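Asker: The file below is work_3.cif, mmCIF, C-alpha atoms:
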```cif
data_final
loop_
_atom_site.label_atom_id
_atom_site.label_comp_id
_atom_site.auth_asym_id
_atom_site.auth_seq_id
_atom_site.Cartn_x
_atom_site.Cartn_y
_atom_site.Cartn_z
CA MET A 1 0.01 17.73 -18.52
CA GLU A 2 -1.07 20.08 -15.72
CA ALA A 3 -4.37 20.89 -17.47
CA PRO A 4 -5.51 17.22 -17.73
CA LEU A 5 -4.48 16.65 -14.11
CA THR A 6 -6.47 19.69 -12.99
CA LEU A 7 -9.50 18.50 -14.97
CA LEU A 8 -9.14 15.03 -13.43
CA MET A 9 -9.05 16.50 -9.91
CA VAL A 10 -12.14 18.64 -10.62
CA VAL A 11 -14.04 15.58 -11.89
CA ALA A 12 -12.94 13.47 -8.89
CA VAL A 13 -13.90 16.14 -6.35
CA THR A 14 -17.26 16.69 -8.09
CA ILE A 15 -18.07 12.96 -7.91
CA ARG A 16 -17.22 12.85 -4.22
CA ALA A 17 -19.14 16.05 -3.43
CA ALA A 18 -22.21 14.68 -5.22
CA LEU A 19 -22.03 11.39 -3.32
CA PHE A 20 -21.62 13.22 0.00
CA ARG A 21 -24.98 14.86 -0.71
CA SER A 22 -26.66 11.59 -1.67
CA SER A 23 -28.47 9.02 0.46
CA LEU A 24 -25.62 6.52 -0.05
CA VAL A 25 -23.40 8.09 2.61
CA ASP A 26 -24.90 6.22 5.58
CA LEU A 27 -24.98 2.94 3.65
CA VAL A 28 -21.35 3.17 2.55
CA ALA A 29 -20.16 4.25 6.01
CA GLU A 30 -21.47 0.96 7.46
CA ARG A 31 -19.94 -1.36 4.87
CA VAL A 32 -17.36 -3.68 6.44
CA GLU A 33 -15.40 -3.75 3.18
CA VAL A 34 -14.91 0.03 3.27
CA VAL A 35 -14.32 0.74 6.97
CA SER A 36 -12.77 -1.22 9.81
CA PRO A 37 -12.77 -0.85 13.61
CA LEU A 38 -9.61 1.21 13.15
CA THR A 39 -10.72 3.56 10.38
CA ALA A 40 -14.50 3.97 10.85
CA TRP A 41 -15.67 7.59 11.02
CA LYS A 42 -18.37 6.86 13.60
CA ARG A 43 -15.63 5.71 15.98
CA VAL A 44 -13.76 8.97 15.43
CA VAL A 45 -16.98 10.86 16.27
CA GLU A 46 -17.34 8.78 19.46
CA GLY A 47 -13.74 9.60 20.39
CA LEU A 48 -14.36 13.30 19.79
CA ALA A 49 -17.46 13.18 22.02
CA LEU A 50 -15.44 11.60 24.84
CA LEU A 51 -12.67 14.15 24.39
CA ASP A 52 -15.16 17.03 24.61
CA LEU A 53 -16.47 15.58 27.87
CA GLY A 54 -12.96 15.56 29.32
CA VAL A 55 -12.74 11.75 29.19
CA SER A 56 -9.87 9.92 27.50
CA PRO A 57 -11.11 8.62 24.11
CA TYR A 58 -9.16 5.42 24.83
CA SER A 59 -10.95 4.69 28.11
CA GLY A 60 -13.43 2.38 26.38
CA ASP A 61 -13.11 -0.06 23.50
CA VAL A 62 -14.49 2.19 20.76
CA PHE A 63 -11.75 4.49 19.49
CA HIS A 64 -8.50 3.03 18.15
CA GLU A 65 -7.06 5.78 15.95
CA THR A 66 -3.94 7.72 16.91
CA PRO A 67 -4.06 10.90 19.05
CA LEU A 68 -2.92 13.09 16.15
CA ILE A 69 -5.97 12.03 14.14
CA ILE A 70 -8.45 12.84 16.89
CA TYR A 71 -6.83 16.21 17.60
CA LEU A 72 -6.77 16.96 13.86
CA PHE A 73 -10.52 16.41 13.64
CA HIS A 74 -11.07 18.20 16.91
CA PHE A 75 -10.43 21.35 14.85
CA LEU A 76 -11.62 20.11 11.43
CA VAL A 77 -14.71 18.05 12.30
CA ASP A 78 -16.97 20.61 10.58
CA TYR A 79 -14.82 20.35 7.47
CA ALA A 80 -14.41 16.57 7.48
CA GLU A 81 -15.71 16.09 3.94
CA ILE A 82 -13.29 18.68 2.54
CA THR A 83 -10.45 17.11 4.56
CA PHE A 84 -11.01 13.65 3.08
CA MET A 85 -11.39 14.99 -0.47
CA LEU A 86 -8.20 17.02 -0.01
CA ALA A 87 -6.38 13.91 1.28
CA ASP A 88 -7.31 12.02 -1.92
CA VAL A 89 -6.16 14.93 -4.09
CA ILE A 90 -2.86 15.18 -2.19
CA THR A 91 -2.30 11.43 -2.63
CA ALA A 92 -3.00 11.60 -6.37
CA VAL A 93 -0.75 14.64 -6.92
CA ALA A 94 2.06 13.08 -4.86
CA LEU A 95 1.86 9.84 -6.85
CA TYR A 96 1.72 11.82 -10.11
CA MET A 97 4.88 13.77 -9.25
CA ALA A 98 6.67 10.68 -7.92
CA VAL A 99 5.95 8.57 -11.01
CA LYS A 100 6.89 11.47 -13.31
CA ASP A 101 10.27 11.78 -11.62
CA TYR A 102 10.76 8.01 -11.58
CA ASN A 103 9.99 7.73 -15.31
CA ARG A 104 12.52 10.47 -16.00
CA GLN A 105 15.19 8.49 -14.15
CA VAL A 106 14.22 5.23 -15.89
CA PHE A 107 14.47 6.88 -19.30
CA ARG A 108 17.88 8.36 -18.43
CA LYS A 109 19.25 4.97 -17.31
CA GLN A 110 17.76 3.31 -20.37
CA LYS A 111 19.40 5.90 -22.64
CA PHE A 112 22.82 5.37 -21.05
CA ALA A 113 22.44 1.58 -21.37
CA LEU A 114 21.55 1.92 -25.06
CA GLU A 115 24.54 4.19 -25.70
CA ALA A 116 26.80 1.69 -23.92
CA ASP A 117 25.28 -1.13 -26.01
CA ARG A 118 24.33 -3.17 -22.93
CA TYR A 119 21.10 -4.59 -24.35
CA PRO A 120 21.07 -7.65 -26.66
CA PRO A 121 19.96 -6.72 -30.21
CA ASP A 122 16.84 -8.89 -30.13
CA CYS A 123 15.33 -7.22 -27.05
CA LEU A 124 15.16 -3.65 -28.35
CA GLU A 125 11.38 -4.05 -28.67
CA LEU A 126 11.25 -4.20 -24.85
CA ILE A 127 12.72 -0.70 -24.54
CA ARG A 128 10.20 1.87 -23.34
CA SER A 129 9.63 4.92 -25.53
CA PRO A 130 9.11 8.48 -24.22
CA LYS A 131 5.67 8.55 -25.87
CA GLU A 132 4.68 5.39 -24.01
CA MET A 133 5.86 6.81 -20.68
CA TYR A 134 4.43 10.32 -21.14
CA TYR A 135 0.89 9.60 -19.94
CA VAL A 136 1.79 7.11 -17.21
CA PRO A 137 1.79 9.68 -14.33
CA LEU A 138 -1.66 10.92 -15.37
CA LYS A 139 -2.94 7.34 -15.56
CA VAL A 140 -1.62 6.70 -12.04
CA ALA A 141 -3.51 9.74 -10.70
CA MET A 142 -6.61 8.61 -12.61
CA PHE A 143 -6.34 5.05 -11.29
CA TYR A 144 -6.31 6.44 -7.77
CA LEU A 145 -8.86 9.26 -7.95
CA LEU A 146 -11.46 7.43 -10.09
CA ASN A 147 -11.04 4.01 -8.49
CA PRO A 148 -14.41 3.03 -6.95
CA PHE A 149 -12.55 1.72 -3.90
CA THR A 150 -10.98 5.16 -3.31
CA ILE A 151 -14.28 6.95 -3.86
CA LEU A 152 -16.11 4.65 -1.42
CA SER A 153 -13.41 5.15 1.23
CA CYS A 154 -13.65 8.92 0.84
CA VAL A 155 -17.47 8.95 0.99
CA ALA A 156 -17.37 6.72 4.10
CA LYS A 157 -14.81 9.14 5.61
CA SER A 158 -12.47 6.26 6.33
CA THR A 159 -9.19 7.44 7.88
CA CYS A 160 -7.46 5.02 5.49
CA GLY A 161 -7.44 7.93 3.02
CA LEU A 162 -5.27 9.96 5.39
CA ASN A 163 -2.87 7.02 5.79
CA ASN A 164 -2.62 6.72 2.00
CA ALA A 165 -1.80 10.43 1.74
CA VAL A 166 1.07 10.06 4.22
CA ILE A 167 2.45 7.01 2.37
CA ALA A 168 2.17 8.82 -0.98
CA LEU A 169 4.13 11.77 0.43
CA PHE A 170 6.73 9.31 1.73
CA ILE A 171 7.05 7.79 -1.76
CA LEU A 172 7.37 11.25 -3.34
CA SER A 173 10.04 12.34 -0.83
CA THR A 174 11.99 9.13 -1.38
CA ILE A 175 11.93 9.35 -5.18
CA LYS A 176 12.90 13.02 -5.02
CA GLY A 177 15.88 11.95 -2.89
CA ASN A 178 14.98 13.97 0.20
CA VAL A 179 16.31 11.77 3.02
CA LEU A 180 14.93 13.80 5.92
CA LEU A 181 11.36 14.13 4.56
CA SER A 182 11.39 10.46 3.58
CA ALA A 183 12.25 9.48 7.17
CA ILE A 184 9.66 11.87 8.64
CA PHE A 185 6.79 10.67 6.45
CA LEU A 186 7.78 7.02 6.98
CA SER A 187 7.71 7.58 10.75
CA LEU A 188 4.26 9.20 10.41
CA ALA A 189 3.00 6.24 8.38
CA THR A 190 4.45 3.78 10.92
CA TYR A 191 2.90 5.80 13.76
CA GLN A 192 -0.47 5.44 12.07
CA SER A 193 -0.51 1.67 11.53
CA ILE A 194 2.88 -0.06 12.26
CA TYR A 195 2.95 -2.04 8.99
CA PRO A 196 4.61 0.68 6.81
CA LEU A 197 7.76 -0.08 8.80
CA THR A 198 8.49 -2.62 6.03
CA LEU A 199 8.83 0.27 3.55
CA CYS A 200 12.07 1.23 5.26
CA ALA A 201 14.01 -1.33 3.18
CA PRO A 202 13.01 -0.03 -0.29
CA ALA A 203 13.49 3.56 0.90
CA LEU A 204 17.05 2.80 2.00
CA LEU A 205 17.82 0.93 -1.22
CA TYR A 206 16.47 3.72 -3.41
CA LEU A 207 18.21 6.55 -1.53
CA MET A 208 21.53 4.67 -1.53
CA GLN A 209 21.14 3.98 -5.23
CA ARG A 210 20.44 7.67 -5.86
CA GLN A 211 23.54 8.72 -3.88
CA TYR A 212 25.70 6.00 -5.54
CA ILE A 213 26.31 4.17 -2.26
CA PRO A 214 26.90 0.44 -2.95
CA VAL A 215 24.76 -2.08 -1.04
CA ASN A 216 27.71 -3.85 0.53
CA PHE A 217 27.77 -4.89 4.18
CA ARG A 218 31.56 -4.51 4.24
CA ARG A 219 31.50 -0.87 3.19
CA VAL A 220 31.57 1.82 5.89
CA SER A 221 29.54 4.18 3.66
CA PHE A 222 26.67 1.66 3.60
CA TRP A 223 26.43 1.39 7.38
CA TRP A 224 26.93 5.13 7.87
CA PHE A 225 23.96 5.89 5.61
CA VAL A 226 21.80 3.23 7.33
CA VAL A 227 22.64 4.74 10.73
CA GLN A 228 21.84 8.26 9.50
CA TYR A 229 18.47 7.21 8.08
CA ALA A 230 17.63 5.12 11.16
CA PHE A 231 18.49 8.07 13.41
CA MET A 232 16.22 10.43 11.45
CA TYR A 233 13.44 7.84 11.29
CA LEU A 234 13.55 6.83 14.97
CA GLY A 235 14.05 10.43 16.06
CA SER A 236 10.96 11.54 14.11
CA LEU A 237 8.97 8.62 15.51
CA PHE A 238 10.07 9.47 19.05
CA VAL A 239 9.03 13.11 18.62
CA ILE A 240 5.60 12.10 17.27
CA ILE A 241 5.01 9.61 20.11
CA CYS A 242 6.04 12.19 22.72
CA LEU A 243 3.81 14.81 21.08
CA SER A 244 0.91 12.36 21.34
CA PHE A 245 1.67 11.90 25.04
CA PHE A 246 1.69 15.66 25.67
CA LEU A 247 -1.58 16.10 23.79
CA LEU A 248 -3.31 13.25 25.61
CA GLY A 249 -1.55 13.41 28.97
CA SER A 250 -1.17 9.62 29.20
CA TRP A 251 0.16 6.54 27.41
CA ASP A 252 -3.32 4.97 27.11
CA TYR A 253 -3.22 5.15 23.33
CA LEU A 254 -0.30 2.70 23.00
CA PRO A 255 -2.20 -0.49 23.95
CA SER A 256 -5.43 0.88 22.47
CA VAL A 257 -3.91 1.59 19.05
CA TYR A 258 -0.90 -0.69 18.54
CA GLY A 259 -2.02 -3.42 20.92
CA PHE A 260 -5.34 -3.46 19.07
CA ILE A 261 -3.64 -3.81 15.68
CA LEU A 262 -1.33 -6.61 16.81
CA SER A 263 -3.64 -8.61 19.11
CA VAL A 264 -6.76 -8.38 16.86
CA PRO A 265 -9.40 -8.48 19.64
CA ASP A 266 -12.23 -7.14 17.44
CA LEU A 267 -13.32 -9.89 15.03
CA THR A 268 -15.76 -7.79 13.02
CA PRO A 269 -15.88 -9.30 9.49
CA ASN A 270 -13.76 -7.54 6.87
CA ILE A 271 -11.94 -8.35 3.62
CA GLY A 272 -8.90 -9.67 5.53
CA LEU A 273 -7.79 -13.14 6.58
CA PHE A 274 -7.82 -12.76 10.36
CA TRP A 275 -11.41 -12.43 11.55
CA TYR A 276 -12.91 -15.83 10.65
CA PHE A 277 -9.80 -17.81 11.50
CA PHE A 278 -9.52 -16.36 15.00
CA ALA A 279 -13.28 -16.56 15.60
CA GLU A 280 -12.94 -20.34 15.21
CA MET A 281 -9.60 -20.58 17.02
CA PHE A 282 -9.19 -22.36 20.38
CA GLU A 283 -7.94 -19.81 22.90
CA HIS A 284 -4.77 -21.70 23.87
CA PHE A 285 -3.61 -21.72 20.22
CA ARG A 286 -4.45 -18.05 19.63
CA LEU A 287 -1.10 -16.47 20.52
CA PHE A 288 0.90 -18.86 18.34
CA PHE A 289 -1.24 -18.35 15.24
CA LEU A 290 -1.45 -14.61 15.91
CA CYS A 291 2.34 -14.44 15.69
CA VAL A 292 2.29 -16.56 12.51
CA PHE A 293 -0.30 -14.32 10.84
CA GLN A 294 1.32 -11.04 11.89
CA ILE A 295 4.81 -12.10 10.85
CA ASN A 296 3.59 -12.58 7.27
CA VAL A 297 3.65 -8.83 6.63
CA PHE A 298 7.24 -8.49 7.82
CA PHE A 299 8.63 -11.86 6.68
CA TYR A 300 8.58 -11.16 2.93
CA THR A 301 10.57 -7.94 3.27
CA ILE A 302 13.99 -9.63 3.43
CA PRO A 303 13.70 -12.02 0.43
CA LEU A 304 11.98 -9.38 -1.70
CA SER A 305 14.65 -6.82 -0.79
CA ILE A 306 17.41 -9.25 -1.77
CA LYS A 307 15.75 -10.10 -5.09
CA LEU A 308 14.74 -6.53 -5.96
CA LYS A 309 17.65 -4.59 -4.47
CA ASP A 310 18.31 -2.93 -7.85
CA HIS A 311 14.62 -2.06 -8.34
CA PRO A 312 13.43 -0.40 -5.11
CA VAL A 313 10.38 1.31 -6.65
CA PHE A 314 8.96 -2.03 -7.74
CA LEU A 315 9.81 -3.28 -4.25
CA ILE A 316 7.67 -0.46 -2.78
CA PHE A 317 4.77 -1.66 -4.97
CA MET A 318 5.26 -5.24 -3.77
CA GLN A 319 5.46 -4.21 -0.11
CA LEU A 320 2.29 -2.10 -0.36
CA ALA A 321 0.49 -5.10 -1.83
CA VAL A 322 1.77 -7.44 0.91
CA ILE A 323 0.64 -4.97 3.59
CA SER A 324 -2.79 -4.67 1.99
CA ILE A 325 -3.28 -8.44 1.86
CA PHE A 326 -1.86 -9.50 5.22
CA LYS A 327 -2.62 -6.63 7.61
CA SER A 328 -5.07 -7.35 10.43
CA TYR A 329 -7.79 -4.84 9.50
CA PRO A 330 -7.63 -4.20 5.72
CA THR A 331 -10.15 -2.17 3.72
CA VAL A 332 -10.64 -1.53 0.02
CA GLY A 333 -8.84 1.80 0.49
CA ASP A 334 -5.60 -0.14 1.09
CA LEU A 335 -6.01 -1.90 -2.24
CA ALA A 336 -6.58 1.38 -4.05
CA LEU A 337 -3.09 2.63 -3.20
CA TYR A 338 -1.12 -0.23 -4.73
CA LEU A 339 -3.57 -0.67 -7.63
CA ALA A 340 -2.77 2.93 -8.62
CA PHE A 341 0.76 1.75 -9.49
CA LEU A 342 -0.41 -0.71 -12.16
CA PRO A 343 -0.04 1.80 -15.05
CA VAL A 344 3.65 2.21 -14.09
CA TRP A 345 4.14 -1.45 -15.02
CA SER A 346 2.03 -1.38 -18.21
CA HIS A 347 5.12 -2.44 -20.19
CA LEU A 348 4.93 -5.83 -18.43
CA HIS A 349 1.56 -6.79 -19.97
CA ARG A 350 3.09 -9.02 -22.63
CA PHE A 351 4.57 -11.23 -19.90
CA LEU A 352 1.50 -11.45 -17.62
CA ARG A 353 -0.14 -14.87 -17.59
CA ASN A 354 -3.33 -14.63 -15.54
CA ILE A 355 -4.32 -10.97 -15.74
CA PHE A 356 -7.72 -11.54 -17.38
CA LEU A 357 -8.74 -14.30 -14.97
CA VAL A 358 -7.53 -12.38 -11.91
CA SER A 359 -9.30 -9.19 -13.02
CA CYS A 360 -12.57 -11.09 -13.48
CA VAL A 361 -12.23 -12.71 -10.04
CA LEU A 362 -11.55 -9.36 -8.34
CA LEU A 363 -14.55 -7.75 -10.04
CA ALA A 364 -16.82 -10.71 -9.24
CA CYS A 365 -15.74 -10.76 -5.58
CA SER A 366 -16.26 -7.00 -5.28
CA ALA A 367 -19.82 -7.45 -6.53
CA LEU A 368 -20.50 -10.50 -4.35
CA PHE A 369 -19.32 -8.98 -1.06
CA PRO A 370 -22.54 -7.00 -0.39
CA VAL A 371 -24.69 -9.84 -1.77
CA LEU A 372 -23.32 -12.51 0.56
CA TRP A 373 -23.31 -10.05 3.47
CA HIS A 374 -27.04 -9.43 2.91
CA LEU A 375 -27.75 -13.18 2.66
CA TRP A 376 -25.86 -13.81 5.89
CA ILE A 377 -26.87 -10.87 8.11
CA TYR A 378 -30.31 -9.86 6.82
CA ALA A 379 -31.88 -12.74 4.88
CA GLY A 380 -30.47 -15.46 7.15
CA SER A 381 -30.18 -17.85 4.21
CA ALA A 382 -26.36 -18.01 4.39
CA ASN A 383 -23.72 -18.03 7.11
CA SER A 384 -20.24 -16.71 7.82
CA ASN A 385 -18.66 -19.48 5.72
CA PHE A 386 -20.13 -17.96 2.56
CA TYR A 387 -18.72 -14.52 3.29
CA TYR A 388 -15.31 -15.83 4.33
CA ALA A 389 -15.14 -17.98 1.18
CA ILE A 390 -15.48 -14.89 -1.00
CA THR A 391 -12.93 -13.11 1.22
CA LEU A 392 -10.45 -15.95 0.69
CA LEU A 393 -11.03 -15.88 -3.07
CA PHE A 394 -10.55 -12.10 -3.11
CA ASN A 395 -7.21 -12.39 -1.30
CA VAL A 396 -6.06 -15.31 -3.45
CA ALA A 397 -6.81 -13.16 -6.51
CA GLN A 398 -4.70 -10.35 -5.05
CA ILE A 399 -1.83 -12.77 -4.38
CA LEU A 400 -2.05 -14.09 -7.95
CA LEU A 401 -2.10 -10.54 -9.32
CA VAL A 402 1.01 -9.51 -7.38
CA SER A 403 2.79 -12.79 -8.17
CA ASP A 404 2.00 -12.34 -11.86
CA TYR A 405 3.49 -8.86 -11.92
CA PHE A 406 6.51 -10.10 -9.96
CA TYR A 407 7.09 -12.88 -12.51
CA ALA A 408 6.59 -10.49 -15.45
CA PHE A 409 9.03 -7.97 -14.00
CA LEU A 410 11.75 -10.57 -13.39
CA ARG A 411 11.21 -12.09 -16.84
CA ARG A 412 11.59 -8.74 -18.58
CA GLU A 413 14.78 -8.01 -16.64
CA HIS A 414 16.12 -11.43 -17.61
CA HIS A 415 15.38 -10.80 -21.28
CA LEU A 416 17.07 -7.38 -21.12
CA THR A 417 20.21 -9.17 -19.92
CA TYR A 418 20.24 -12.40 -21.95
CA GLY A 419 18.06 -11.61 -24.95
CA LEU A 420 14.41 -12.06 -25.83
CA TYR A 421 14.70 -15.35 -27.72
CA LEU A 422 16.52 -17.79 -25.46
CA LYS A 423 18.22 -20.87 -26.90
CA ARG A 424 19.45 -24.09 -25.36
CA LYS A 425 22.96 -25.41 -25.98
CA ASP A 426 21.60 -27.65 -28.75
CA GLY A 427 20.01 -24.64 -30.49
CA SER A 428 16.39 -25.41 -29.56
CA GLU A 429 14.11 -22.81 -28.02
CA ALA A 430 14.42 -22.52 -24.22
CA THR A 431 11.61 -21.92 -21.70
CA LEU A 432 12.06 -19.48 -18.84
CA VAL A 433 10.86 -20.80 -15.45
CA LEU A 434 10.62 -18.74 -12.26
CA LYS A 435 11.76 -20.72 -9.21
#
```
For the structure just supplied, provide its representation as structure tokens.
Answerer:
Amino acid sequence: MEAPLTLLMVVAVTIRAALFRSSLVDLVAERVEVVSPLTAWKRVVEGLALLDLGVSPYSGDVFHETPLIIYLFHFLVDYAEITFMLADVITAVALYMAVKDYNRQVFRKQKFALEADRYPPDCLELIRSPKEMYYVPLKVAMFYLLNPFTILSCVAKSTCGLNNAVIALFILSTIKGNVLLSAIFLSLATYQSIYPLTLCAPALLYLMQRQYIPVNFRRVSFWWFVVQYAFMYLGSLFVIICLSFFLLGSWDYLPSVYGFILSVPDLTPNIGLFWYFFAEMFEHFRLFFLCVFQINVFFYTIPLSIKLKDHPVFLIFMQLAVISIFKSYPTVGDLALYLAFLPVWSHLHRFLRNIFLVSCVLLACSALFPVLWHLWIYAGSANSNFYYAITLLFNVAQILLVSDYFYAFLRREHHLTYGLYLKRKDGSEATLVLK
């Protein structure tokens, strides 16, 4: 498997290197679907220029990345292209290793369940075979490295690629069962954009499941593990924040980075839900609706964690999708990360209901984004309503996609417990409804 993965990485790097030398670089770097006010490379360059002049990069309203990012590129600015290509490769390899380890655990649990005769006889066709699972890690790496969204983000030098690398390393550390590294990478991801805080729940569930600690509020072992993980997570976050202060010499970055993410002052159009709504919002309603919009990302964590407490890896997938849809400044790079997990759930295809329609809508919206942007900004024959309409459709398609996979996953689990062909009390065929 290492040879195909190496070949895949060579192909992916070659494509990116060729595009970096093409005339498309400047065009892609300006696309609002690919970069945001948080992740745009030109803003990083502006921040570096201010830093070189001895001025705080947060003194204006241009740079909104974290201090660690600007000091990273202070040394690597001449190797920026290599850095972003390396970040994509690291993400793909981390996901490959994580999924490979996860599949090994799934197969082991499945084998024990079969030996214990826990599955109904009529649902054996739902059991995953080793041959079916063998190529899944490679497909995950391929879905990430060759995804046009990932390639565009890399060519635009969007710092979203670095965030994805940190989250991928967090997922790998969690699945490997390394509690300390999991907490450190989660704190780094939270430091970068706040929203990965919601990944704390699936990480805790998975690590407790791996260490055979029951999820029971009355058990001392449960609370002791939560306290340990919280201590490592908060301790790592505290160290990173203090390091940023020592590098910068002030706390200016806190309102400029996290205040910017939460208060959404820059209403530059993007593929998210915030910009148009708050551009039309009366000022005295703004705070209320800002809280409503921001709470969406965090609100779904509790019900999803309750429903998927025995399946934390699928919960990570769901949380990544929720973050991508409801964050304040999303880009296509955010989509690429959770879309890379789709091959892991390829066994759910028989239960998906709207996959063809949703796929067509996502492809059509991706093609229409630049068209409607040109009609609005350059041709003047359209307005912001056209662009926001396609943005809404794009996000609705994402919600339908995630909901469809959620339904398919729950349905398969139900069949593995109660049988594939459900019957009513009178012997007639029953219909399974998700409520």
Asker: Name all residues at most 7 Å from stretch 251-256 of chain A (count all atoms listed in the file; drop same-chain ones fewer than 6 positions away) and give them as a short mmCIF file (atom, residue, chain, number, x, y, z; two decimals) with C-alpha atoms, keeping the file's coordinate frame.
Answerer:
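Result file is selection.cif:
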```cif
data_model
loop_
_atom_site.label_atom_id
_atom_site.label_comp_id
_atom_site.auth_asym_id
_atom_site.auth_seq_id
_atom_site.Cartn_x
_atom_site.Cartn_y
_atom_site.Cartn_z
CA TYR A 58 -9.16 5.42 24.83
CA HIS A 64 -8.50 3.03 18.15
CA THR A 66 -3.94 7.72 16.91
CA PHE A 245 1.67 11.90 25.04
#
```
Asker: Could you give me, as JSON lines, every stretch 293-367 of chain A residue with an atom at most 7 Å from stretch 386-407 of chain A, plus its closest atom pair and distance in Å to one decimal, counting only C-alpha atoms, rows ordered by chain then number?
Answerer:
```
{"residue": "A:Ile325", "atom": "CA", "partner": "A:Asn395", "partner_atom": "CA", "distance": 6.4}
{"residue": "A:Leu352", "atom": "CA", "partner": "A:Asp404", "partner_atom": "CA", "distance": 5.8}
{"residue": "A:Arg353", "atom": "CA", "partner": "A:Asp404", "partner_atom": "CA", "distance": 6.6}
{"residue": "A:Asn354", "atom": "CA", "partner": "A:Asp404", "partner_atom": "CA", "distance": 6.9}
{"residue": "A:Ile355", "atom": "CA", "partner": "A:Leu401", "partner_atom": "CA", "distance": 6.8}
{"residue": "A:Val358", "atom": "CA", "partner": "A:Ala397", "partner_atom": "CA", "distance": 5.5}
{"residue": "A:Val361", "atom": "CA", "partner": "A:Ala397", "partner_atom": "CA", "distance": 6.5}
{"residue": "A:Leu362", "atom": "CA", "partner": "A:Phe394", "partner_atom": "CA", "distance": 6.0}
{"residue": "A:Cys365", "atom": "CA", "partner": "A:Phe394", "partner_atom": "CA", "distance": 5.9}
```
Asker: Please enumerate the residues selected by the PyMOL selection byres ((chain A and resi 84) around 9) when evaluated against the supplied file, formatted as a list in words.
Answerer: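 Applying the expression gives Tyr79, Ala80, Glu81, Ile82, Thr83, Met85, Leu86, Ala87, Asp88, Val89, Cys154, Val155, Lys157, Ser158, Thr159, Gly161 and Leu162 of chain A.
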Asker: Between A:Leu363, A:Gln319, A:Leu152, A:Leu95, which is the closest to A:Phe299 once you count only C-alpha atoms?
Answerer: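 Comparing A:Leu363, A:Gln319, A:Leu152, A:Leu95 against A:Phe299, the winner is A:Gln319.
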Asker: Have a look at atom CA of A:Phe341 and atom CA of A:Phe317 and let me know their distance in Å, one decimal.
Answerer: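 Those two atoms sit 6.9 Å apart.
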Asker: Give me the residues near stretch 119-136 of chain A as an MDAnalysis selection string, where near means some atom within 9 Å (using only C-alpha atoms) and where sequence neighbours in that chain fewer than 5 positions away do not count.
Answerer: chainID A and resid 1 96 99:100 103:104 107 110 113:114 141 343:344 346:347 412 415:421
